[in-house]
$ cat run36.pdb   # PDB, C-alpha atoms
ATOM      1  CA  THR A   1       8.684  20.533 -33.716
ATOM      2  CA  GLU A   2      10.121  17.297 -34.931
ATOM      3  CA  GLN A   3      10.542  17.163 -38.700
ATOM      4  CA  ARG A   4      10.864  13.878 -40.508
ATOM      5  CA  SER A   5      10.166  12.580 -43.955
ATOM      6  CA  CYS A   6       8.836   9.232 -45.022
ATOM      7  CA  GLU A   7       9.548   8.060 -48.555
ATOM      8  CA  ALA A   8       6.301   6.146 -48.920
ATOM      9  CA  GLY A   9       3.910   8.955 -47.950
ATOM     10  CA  PRO A  10       2.510   9.417 -44.421
ATOM     11  CA  CYS A  11       4.780   8.273 -41.582
ATOM     12  CA  PRO A  12       3.891   5.365 -39.268
ATOM     13  CA  GLN A  13       2.502   6.286 -35.872
ATOM     14  CA  TRP A  14       1.610   4.741 -32.493
ATOM     15  CA  ALA A  15      -1.967   3.760 -31.763
ATOM     16  CA  TYR A  16      -3.163   2.693 -28.338
ATOM     17  CA  GLY A  17      -6.300   1.275 -26.789
ATOM     18  CA  SER A  18      -8.087   1.987 -23.534
ATOM     19  CA  TRP A  19      -6.563   0.999 -20.209
ATOM     20  CA  GLY A  20      -7.695  -2.387 -18.925
ATOM     21  CA  LYS A  21      -8.939  -3.202 -15.439
ATOM     22  CA  CYS A  22      -6.520  -2.724 -12.558
ATOM     23  CA  THR A  23      -5.149  -5.975 -11.082
ATOM     24  CA  LYS A  24      -5.888  -4.760  -7.519
ATOM     25  CA  SER A  25      -8.514  -2.487  -5.974
ATOM     26  CA  CYS A  26      -6.025  -1.051  -3.467
ATOM     27  CA  GLY A  27      -2.408  -1.398  -2.422
ATOM     28  CA  GLY A  28      -0.997  -0.811  -5.920
ATOM     29  CA  GLY A  29      -1.931  -2.815  -8.987
ATOM     30  CA  ILE A  30      -1.039  -2.728 -12.686
ATOM     31  CA  ARG A  31      -3.212  -1.959 -15.672
ATOM     32  CA  THR A  32      -2.264  -2.495 -19.303
ATOM     33  CA  ARG A  33      -3.312  -1.454 -22.787
ATOM     34  CA  HIS A  34      -2.365  -2.390 -26.344
ATOM     35  CA  VAL A  35       0.110  -0.061 -28.068
ATOM     36  CA  ILE A  36       0.873  -0.793 -31.706
ATOM     37  CA  CYS A  37       2.812   0.835 -34.511
ATOM     38  CA  HIS A  38       0.750   1.290 -37.651
ATOM     39  CA  HIS A  39       0.638   3.119 -40.954
ATOM     40  CA  PRO A  40      -2.135   5.758 -41.247
ATOM     41  CA  SER A  41      -3.784   3.380 -43.779
ATOM     42  CA  GLY A  42      -4.332   0.956 -40.861
ATOM     43  CA  GLU A  43      -1.589  -1.551 -41.744
ATOM     44  CA  ARG A  44       0.116  -2.873 -38.608
ATOM     45  CA  LEU A  45       3.913  -2.513 -38.571
ATOM     46  CA  ASN A  46       6.785  -3.710 -36.374
ATOM     47  CA  ASP A  47       7.575  -1.409 -33.432
ATOM     48  CA  GLN A  48      10.942  -0.543 -35.051
ATOM     49  CA  ASN A  49       9.088   1.415 -37.742
ATOM     50  CA  CYS A  50       7.887   3.864 -35.075
ATOM     51  CA  GLU A  51      11.053   4.098 -32.979
ATOM     52  CA  ILE A  52      11.716   7.725 -34.017
ATOM     53  CA  LEU A  53       8.660   8.542 -31.846
ATOM     54  CA  GLU A  54       8.557   7.793 -28.131
ATOM     55  CA  LYS A  55       6.354   4.745 -27.521
ATOM     56  CA  PRO A  56       3.381   5.510 -25.242
ATOM     57  CA  PRO A  57       3.352   3.390 -22.062
ATOM     58  CA  ASP A  58       1.508   0.065 -22.260
ATOM     59  CA  ARG A  59       1.387  -0.495 -18.482
ATOM     60  CA  GLU A  60       1.074   1.714 -15.441
ATOM     61  CA  GLN A  61       0.445   1.541 -11.718
ATOM     62  CA  CYS A  62      -3.119   2.034 -10.496
ATOM     63  CA  ASN A  63      -5.098   2.041  -7.244
ATOM     64  CA  THR A  64      -1.991   2.907  -5.245
ATOM     65  CA  GLN A  65      -3.969   3.962  -2.171
ATOM     66  CA  GLY A  66      -3.511   1.731   0.852
ATOM     67  CA  CYS A  67      -5.914  -1.100   1.618
ATOM     68  CA  PRO A  68      -8.091  -0.749   4.734
ATOM     69  CA  PRO A  69      -6.146  -2.608   7.435
ATOM     70  CA  ASN A  70      -9.172  -3.930   9.294
ATOM     71  CA  ALA A  71     -11.448  -5.289   6.534
ATOM     72  CA  VAL A  72     -12.178  -9.047   6.409
ATOM     73  CA  TRP A  73     -14.663 -11.406   4.738
ATOM     74  CA  LYS A  74     -17.278 -12.858   7.100
ATOM     75  CA  SER A  75     -19.174 -15.997   6.061
ATOM     76  CA  GLY A  76     -22.601 -16.956   7.312
ATOM     77  CA  PRO A  77     -23.851 -20.536   7.771
ATOM     78  CA  TRP A  78     -24.552 -22.753   4.739
ATOM     79  CA  SER A  79     -28.214 -23.156   3.786
ATOM     80  CA  SER A  80     -29.712 -26.613   3.440
ATOM     81  CA  CYS A  81     -29.485 -28.226  -0.004
ATOM     82  CA  SER A  82     -31.790 -26.542  -2.540
ATOM     83  CA  ILE A  83     -33.454 -29.830  -3.492
ATOM     84  CA  SER A  84     -34.276 -32.955  -1.521
ATOM     85  CA  CYS A  85     -33.287 -35.437  -4.247
ATOM     86  CA  GLY A  86     -30.475 -35.184  -6.805
ATOM     87  CA  LYS A  87     -27.963 -32.398  -7.376
ATOM     88  CA  GLY A  88     -28.601 -29.004  -5.825
ATOM     89  CA  ILE A  89     -26.745 -26.085  -4.298
ATOM     90  CA  ARG A  90     -26.153 -24.689  -0.820
ATOM     91  CA  MET A  91     -25.867 -20.938  -0.373
ATOM     92  CA  ARG A  92     -24.424 -18.684   2.277
ATOM     93  CA  PHE A  93     -24.099 -14.948   2.812
ATOM     94  CA  VAL A  94     -20.559 -13.542   2.614
ATOM     95  CA  SER A  95     -19.986  -9.906   3.515
ATOM     96  CA  CYS A  96     -17.090  -7.544   4.015
ATOM     97  CA  VAL A  97     -16.857  -6.318   7.614
ATOM     98  CA  THR A  98     -14.515  -4.360   9.826
ATOM     99  CA  LYS A  99     -12.723  -6.230  12.625
ATOM    100  CA  GLU A 100     -15.411  -4.748  14.907
ATOM    101  CA  GLY A 101     -18.098  -6.537  12.845
ATOM    102  CA  LYS A 102     -19.570  -3.500  11.022
ATOM    103  CA  GLN A 103     -20.603  -4.359   7.440
ATOM    104  CA  ILE A 104     -18.851  -2.232   4.795
ATOM    105  CA  GLU A 105     -18.818  -2.242   0.980
ATOM    106  CA  ASP A 106     -17.273  -5.316  -0.718
ATOM    107  CA  ILE A 107     -14.705  -3.094  -2.493
ATOM    108  CA  TYR A 108     -12.813  -2.768   0.811
ATOM    109  CA  CYS A 109     -12.210  -6.551   0.855
ATOM    110  CA  SER A 110     -11.498  -7.013  -2.860
ATOM    111  CA  HIS A 111      -7.758  -7.403  -2.192
ATOM    112  CA  LEU A 112      -8.638 -10.586  -0.218
ATOM    113  CA  THR A 113      -9.889 -13.875  -1.663
ATOM    114  CA  LYS A 114     -13.673 -13.998  -1.217
ATOM    115  CA  PRO A 115     -14.998 -17.274   0.226
ATOM    116  CA  ASP A 116     -17.430 -19.264  -1.946
ATOM    117  CA  VAL A 117     -21.054 -18.207  -1.641
ATOM    118  CA  GLN A 118     -22.435 -21.406  -3.151
ATOM    119  CA  ARG A 119     -21.466 -25.037  -3.194
ATOM    120  CA  LYS A 120     -22.856 -28.130  -4.918
ATOM    121  CA  CYS A 121     -24.731 -30.622  -2.776
ATOM    122  CA  ARG A 122     -26.742 -33.797  -3.188
ATOM    123  CA  GLY A 123     -30.173 -34.116  -1.662
ATOM    124  CA  GLY A 124     -31.785 -37.310  -0.435
TER
END
$ encode --input "run36.pdb" --output "structure tokens"
Amino acid sequence: TEQRSCEAGPCPQWAYGSWGKCTKSCGGGIRTRHVICHHPSGERLNDQNCEILEKPPDREQCNTQGCPPNAVWKSGPWSSCSISCGKGIRMRFVSCVTKEGKQIEDIYCSHLTKPDVQRKCRGG
């Protein structure tokens, strides 16, 4: 066990938050979290005050599994404008499909930029 003394009472320690969302759903992304040095009273300190302790990681790799090689976004036709006069919207169905055309869950295409599903239009 590591022994150390701190003149001003309890020693500073590392505190860390929950991991954030991964930057990619497949193919290897990064997720981060806040790691701060603080006094047990809650006062935030500079990292140097905690350097006797190993700093917990604040970033790590995530979702390192490979992306499905044959998943693509497929866009349907645009609908007509939602209103006949003034500003409206057009909609279309966008789904994730295999190269053979079989619909699969959107998560398999999340590494690709999804086409817009709505667009502004002007009726009349």
$ resolve_selection --input "run36.pdb" --expression "the PyMOL selection byres ((chain A and resi 106-116) around 9)" --output "list of chain:residue names"
A:Lys24, A:Ser25, A:Cys26, A:Gly27, A:Cys67, A:Pro68, A:Ala71, A:Val72, A:Trp73, A:Lys74, A:Ser75, A:Met91, A:Arg92, A:Val94, A:Ser95, A:Cys96, A:Val97, A:Gln103, A:Ile104, A:Glu105, A:Val117, A:Gln118, A:Arg119
$ write_last_selection --input "run36.pdb" --atoms "C-alpha atoms" --output "PDB file, in the frame of the given file"
ATOM      1  CA  LYS A  24      -5.888  -4.760  -7.519  1.00  0.00           C
ATOM      2  CA  SER A  25      -8.514  -2.487  -5.974  1.00  0.00           C
ATOM      3  CA  CYS A  26      -6.025  -1.051  -3.467  1.00  0.00           C
ATOM      4  CA  GLY A  27      -2.408  -1.398  -2.422  1.00  0.00           C
ATOM      5  CA  CYS A  67      -5.914  -1.100   1.618  1.00  0.00           C
ATOM      6  CA  PRO A  68      -8.091  -0.749   4.734  1.00  0.00           C
ATOM      7  CA  ALA A  71     -11.448  -5.289   6.534  1.00  0.00           C
ATOM      8  CA  VAL A  72     -12.178  -9.047   6.409  1.00  0.00           C
ATOM      9  CA  TRP A  73     -14.663 -11.406   4.738  1.00  0.00           C
ATOM     10  CA  LYS A  74     -17.278 -12.858   7.100  1.00  0.00           C
ATOM     11  CA  SER A  75     -19.174 -15.997   6.061  1.00  0.00           C
ATOM     12  CA  MET A  91     -25.867 -20.938  -0.373  1.00  0.00           C
ATOM     13  CA  ARG A  92     -24.424 -18.684   2.277  1.00  0.00           C
ATOM     14  CA  VAL A  94     -20.559 -13.542   2.614  1.00  0.00           C
ATOM     15  CA  SER A  95     -19.986  -9.906   3.515  1.00  0.00           C
ATOM     16  CA  CYS A  96     -17.090  -7.544   4.015  1.00  0.00           C
ATOM     17  CA  VAL A  97     -16.857  -6.318   7.614  1.00  0.00           C
ATOM     18  CA  GLN A 103     -20.603  -4.359   7.440  1.00  0.00           C
ATOM     19  CA  ILE A 104     -18.851  -2.232   4.795  1.00  0.00           C
ATOM     20  CA  GLU A 105     -18.818  -2.242   0.980  1.00  0.00           C
ATOM     21  CA  VAL A 117     -21.054 -18.207  -1.641  1.00  0.00           C
ATOM     22  CA  GLN A 118     -22.435 -21.406  -3.151  1.00  0.00           C
ATOM     23  CA  ARG A 119     -21.466 -25.037  -3.194  1.00  0.00           C
TER      24      ARG A 119
END
$ closest_residue --input "run36.pdb" --among "A:Ile83, A:Arg122, A:Pro77, A:Glu60" --to "Cys22 (chain A)" --atoms "all atoms listed in the file"
A:Glu60
$ residues_around --input "run36.pdb" --residues "Cys85 (chain A)" --least-positions-apart "3" --cutoff "12 Å" --atoms "all atoms listed in the file" --output "list of chain:residue names"
A:Cys81, A:Ser82, A:Gly88, A:Ile89, A:Cys121, A:Arg122, A:Gly123, A:Gly124
$ write_last_selection --input "run36.pdb" --atoms "C-alpha atoms" --output "PDB file, keeping the file's coordinate frame"
ATOM      1  CA  CYS A  81     -29.485 -28.226  -0.004  1.00  0.00           C
ATOM      2  CA  SER A  82     -31.790 -26.542  -2.540  1.00  0.00           C
ATOM      3  CA  GLY A  88     -28.601 -29.004  -5.825  1.00  0.00           C
ATOM      4  CA  ILE A  89     -26.745 -26.085  -4.298  1.00  0.00           C
ATOM      5  CA  CYS A 121     -24.731 -30.622  -2.776  1.00  0.00           C
ATOM      6  CA  ARG A 122     -26.742 -33.797  -3.188  1.00  0.00           C
ATOM      7  CA  GLY A 123     -30.173 -34.116  -1.662  1.00  0.00           C
ATOM      8  CA  GLY A 124     -31.785 -37.310  -0.435  1.00  0.00           C
TER       9      GLY A 124
END
$ atom_distance --input "run36.pdb" --atom1 "CA of Arg44 (chain A)" --atom2 "CA of Gly9 (chain A)"
15.5 Å
$ atom_distance --input "run36.pdb" --atom1 "CA of Arg31 (chain A)" --atom2 "CA of Thr64 (chain A)"
11.6 Å
$ atom_distance --input "run36.pdb" --atom1 "CA of Glu51 (chain A)" --atom2 "CA of Gly17 (chain A)"
18.6 Å
$ resolve_selection --input "run36.pdb" --expression "the PyMOL selection byres ((chain A and resi 32) around 12)" --output "PDB file with C-alpha atoms, in the frame of the given file"
ATOM      1  CA  TYR A  16      -3.163   2.693 -28.338  1.00  0.00           C
ATOM      2  CA  GLY A  17      -6.300   1.275 -26.789  1.00  0.00           C
ATOM      3  CA  SER A  18      -8.087   1.987 -23.534  1.00  0.00           C
ATOM      4  CA  TRP A  19      -6.563   0.999 -20.209  1.00  0.00           C
ATOM      5  CA  GLY A  20      -7.695  -2.387 -18.925  1.00  0.00           C
ATOM      6  CA  LYS A  21      -8.939  -3.202 -15.439  1.00  0.00           C
ATOM      7  CA  CYS A  22      -6.520  -2.724 -12.558  1.00  0.00           C
ATOM      8  CA  THR A  23      -5.149  -5.975 -11.082  1.00  0.00           C
ATOM      9  CA  GLY A  29      -1.931  -2.815  -8.987  1.00  0.00           C
ATOM     10  CA  ILE A  30      -1.039  -2.728 -12.686  1.00  0.00           C
ATOM     11  CA  ARG A  31      -3.212  -1.959 -15.672  1.00  0.00           C
ATOM     12  CA  ARG A  33      -3.312  -1.454 -22.787  1.00  0.00           C
ATOM     13  CA  HIS A  34      -2.365  -2.390 -26.344  1.00  0.00           C
ATOM     14  CA  VAL A  35       0.110  -0.061 -28.068  1.00  0.00           C
ATOM     15  CA  PRO A  56       3.381   5.510 -25.242  1.00  0.00           C
ATOM     16  CA  PRO A  57       3.352   3.390 -22.062  1.00  0.00           C
ATOM     17  CA  ASP A  58       1.508   0.065 -22.260  1.00  0.00           C
ATOM     18  CA  ARG A  59       1.387  -0.495 -18.482  1.00  0.00           C
ATOM     19  CA  GLU A  60       1.074   1.714 -15.441  1.00  0.00           C
ATOM     20  CA  GLN A  61       0.445   1.541 -11.718  1.00  0.00           C
ATOM     21  CA  CYS A  62      -3.119   2.034 -10.496  1.00  0.00           C
TER      22      CYS A  62
END
$ residues_around --input "run36.pdb" --residues "Thr98 (chain A)" --least-positions-apart "2" --cutoff "6 Å" --atoms "all atoms listed in the file" --output "compact mmCIF listing (two decimals) with C-alpha atoms, in the frame of the given file"
# COMPACT_ATOMS: atom_id res chain seq x y z
CA ASN A 70 -9.17 -3.93 9.29
CA ALA A 71 -11.45 -5.29 6.53
CA GLU A 100 -15.41 -4.75 14.91
CA GLY A 101 -18.10 -6.54 12.84
CA LYS A 102 -19.57 -3.50 11.02
$ closest_residue --input "run36.pdb" --among "A:Asn49, A:Gly66, A:Lys120, A:Ala15" --to "Ser79 (chain A)" --atoms "all atoms listed in the file"
A:Lys120
$ resolve_selection --input "run36.pdb" --expression "the PyMOL selection byres ((chain A and resi 48) around 12)" --output "PyMOL selection string"
chain A and resi 12-14+36-38+44-47+49-55
$ closest_residue --input "run36.pdb" --among "A:Pro40, A:Gly76, A:Gly28, A:Pro10" --to "Phe93 (chain A)" --atoms "all atoms listed in the file"
A:Gly76
$ axis_aligned_box --input "run36.pdb" --around "region 95-103 of chain A" --padding-each-side "4 Å" --output "JSON"
{"center_x": -16.7, "center_y": -6.7, "center_z": 9.2, "size_x": 15.9, "size_y": 14.4, "size_z": 19.4}
$ build_atoms --input "run36.pdb" --residues "region 64-75 of chain A" --atoms "all heavy atoms" --output "PDB file, in the frame of the given file"
ATOM      1  N   THR A  64      -3.152   2.943  -6.137  1.00  0.00           N
ATOM      2  CA  THR A  64      -1.991   2.907  -5.245  1.00  0.00           C
ATOM      3  C   THR A  64      -2.333   3.256  -3.802  1.00  0.00           C
ATOM      4  O   THR A  64      -1.486   3.151  -2.929  1.00  0.00           O
ATOM      5  CB  THR A  64      -0.892   3.866  -5.757  1.00  0.00           C
ATOM      6  OG1 THR A  64      -1.476   5.169  -5.918  1.00  0.00           O
ATOM      7  CG2 THR A  64      -0.325   3.404  -7.091  1.00  0.00           C
ATOM      8  N   GLN A  65      -3.586   3.664  -3.554  1.00  0.00           N
ATOM      9  CA  GLN A  65      -3.969   3.962  -2.171  1.00  0.00           C
ATOM     10  C   GLN A  65      -3.910   2.695  -1.319  1.00  0.00           C
ATOM     11  O   GLN A  65      -4.082   1.599  -1.833  1.00  0.00           O
ATOM     12  CB  GLN A  65      -5.378   4.599  -2.111  1.00  0.00           C
ATOM     13  CG  GLN A  65      -6.543   3.629  -2.278  1.00  0.00           C
ATOM     14  CD  GLN A  65      -6.836   3.213  -3.723  1.00  0.00           C
ATOM     15  OE1 GLN A  65      -6.096   3.508  -4.634  1.00  0.00           O
ATOM     16  NE2 GLN A  65      -7.933   2.492  -3.900  1.00  0.00           N
ATOM     17  N   GLY A  66      -3.629   2.871  -0.050  1.00  0.00           N
ATOM     18  CA  GLY A  66      -3.511   1.731   0.852  1.00  0.00           C
ATOM     19  C   GLY A  66      -4.825   0.986   1.029  1.00  0.00           C
ATOM     20  O   GLY A  66      -5.905   1.552   0.882  1.00  0.00           O
ATOM     21  N   CYS A  67      -4.728  -0.290   1.341  1.00  0.00           N
ATOM     22  CA  CYS A  67      -5.914  -1.100   1.618  1.00  0.00           C
ATOM     23  C   CYS A  67      -6.339  -0.881   3.070  1.00  0.00           C
ATOM     24  O   CYS A  67      -5.491  -0.728   3.946  1.00  0.00           O
ATOM     25  CB  CYS A  67      -5.608  -2.584   1.425  1.00  0.00           C
ATOM     26  SG  CYS A  67      -5.122  -3.005  -0.254  1.00  0.00           S
ATOM     27  N   PRO A  68      -7.644  -0.881   3.346  1.00  0.00           N
ATOM     28  CA  PRO A  68      -8.091  -0.749   4.734  1.00  0.00           C
ATOM     29  C   PRO A  68      -7.500  -1.886   5.569  1.00  0.00           C
ATOM     30  O   PRO A  68      -7.617  -3.048   5.185  1.00  0.00           O
ATOM     31  CB  PRO A  68      -9.613  -0.873   4.643  1.00  0.00           C
ATOM     32  CG  PRO A  68      -9.947  -0.606   3.223  1.00  0.00           C
ATOM     33  CD  PRO A  68      -8.755  -1.022   2.418  1.00  0.00           C
ATOM     34  N   PRO A  69      -6.841  -1.570   6.668  1.00  0.00           N
ATOM     35  CA  PRO A  69      -6.146  -2.608   7.435  1.00  0.00           C
ATOM     36  C   PRO A  69      -7.084  -3.535   8.211  1.00  0.00           C
ATOM     37  O   PRO A  69      -6.683  -4.604   8.605  1.00  0.00           O
ATOM     38  CB  PRO A  69      -5.275  -1.804   8.400  1.00  0.00           C
ATOM     39  CG  PRO A  69      -5.979  -0.504   8.559  1.00  0.00           C
ATOM     40  CD  PRO A  69      -6.665  -0.247   7.256  1.00  0.00           C
ATOM     41  N   ASN A  70      -8.321  -3.125   8.414  1.00  0.00           N
ATOM     42  CA  ASN A  70      -9.172  -3.930   9.294  1.00  0.00           C
ATOM     43  C   ASN A  70     -10.366  -4.552   8.583  1.00  0.00           C
ATOM     44  O   ASN A  70     -11.347  -4.894   9.218  1.00  0.00           O
ATOM     45  CB  ASN A  70      -9.648  -3.071  10.473  1.00  0.00           C
ATOM     46  CG  ASN A  70     -10.522  -1.912  10.017  1.00  0.00           C
ATOM     47  OD1 ASN A  70     -10.584  -1.613   8.820  1.00  0.00           O
ATOM     48  ND2 ASN A  70     -11.194  -1.264  10.939  1.00  0.00           N
ATOM     49  N   ALA A  71     -10.328  -4.693   7.260  1.00  0.00           N
ATOM     50  CA  ALA A  71     -11.448  -5.289   6.534  1.00  0.00           C
ATOM     51  C   ALA A  71     -11.214  -6.787   6.341  1.00  0.00           C
ATOM     52  O   ALA A  71     -10.118  -7.208   5.993  1.00  0.00           O
ATOM     53  CB  ALA A  71     -11.611  -4.611   5.182  1.00  0.00           C
ATOM     54  N   VAL A  72     -12.251  -7.589   6.589  1.00  0.00           N
ATOM     55  CA  VAL A  72     -12.178  -9.047   6.409  1.00  0.00           C
ATOM     56  C   VAL A  72     -13.496  -9.562   5.844  1.00  0.00           C
ATOM     57  O   VAL A  72     -14.535  -8.920   5.979  1.00  0.00           O
ATOM     58  CB  VAL A  72     -11.888  -9.794   7.749  1.00  0.00           C
ATOM     59  CG1 VAL A  72     -10.511  -9.461   8.271  1.00  0.00           C
ATOM     60  CG2 VAL A  72     -12.946  -9.481   8.798  1.00  0.00           C
ATOM     61  N   TRP A  73     -13.443 -10.742   5.193  1.00  0.00           N
ATOM     62  CA  TRP A  73     -14.663 -11.406   4.738  1.00  0.00           C
ATOM     63  C   TRP A  73     -15.262 -12.180   5.907  1.00  0.00           C
ATOM     64  O   TRP A  73     -14.539 -12.845   6.643  1.00  0.00           O
ATOM     65  CB  TRP A  73     -14.368 -12.383   3.602  1.00  0.00           C
ATOM     66  CG  TRP A  73     -14.013 -11.745   2.299  1.00  0.00           C
ATOM     67  CD1 TRP A  73     -12.811 -11.799   1.665  1.00  0.00           C
ATOM     68  CD2 TRP A  73     -14.868 -10.970   1.454  1.00  0.00           C
ATOM     69  NE1 TRP A  73     -12.861 -11.103   0.489  1.00  0.00           N
ATOM     70  CE2 TRP A  73     -14.110 -10.590   0.331  1.00  0.00           C
ATOM     71  CE3 TRP A  73     -16.194 -10.559   1.539  1.00  0.00           C
ATOM     72  CZ2 TRP A  73     -14.639  -9.818  -0.709  1.00  0.00           C
ATOM     73  CZ3 TRP A  73     -16.721  -9.790   0.506  1.00  0.00           C
ATOM     74  CH2 TRP A  73     -15.959  -9.423  -0.595  1.00  0.00           C
ATOM     75  N   LYS A  74     -16.572 -12.084   6.067  1.00  0.00           N
ATOM     76  CA  LYS A  74     -17.278 -12.858   7.100  1.00  0.00           C
ATOM     77  C   LYS A  74     -18.302 -13.737   6.401  1.00  0.00           C
ATOM     78  O   LYS A  74     -19.108 -13.257   5.608  1.00  0.00           O
ATOM     79  CB  LYS A  74     -17.972 -11.909   8.087  1.00  0.00           C
ATOM     80  CG  LYS A  74     -18.679 -12.651   9.190  1.00  0.00           C
ATOM     81  CD  LYS A  74     -19.392 -11.698  10.125  1.00  0.00           C
ATOM     82  CE  LYS A  74     -20.141 -12.473  11.188  1.00  0.00           C
ATOM     83  NZ  LYS A  74     -21.094 -11.628  11.900  1.00  0.00           N
ATOM     84  N   SER A  75     -18.270 -15.036   6.696  1.00  0.00           N
ATOM     85  CA  SER A  75     -19.174 -15.997   6.061  1.00  0.00           C
ATOM     86  C   SER A  75     -20.256 -16.420   7.026  1.00  0.00           C
ATOM     87  O   SER A  75     -19.978 -16.738   8.181  1.00  0.00           O
ATOM     88  CB  SER A  75     -18.398 -17.249   5.641  1.00  0.00           C
ATOM     89  OG  SER A  75     -17.324 -16.905   4.815  1.00  0.00           O
TER      90      SER A  75
END
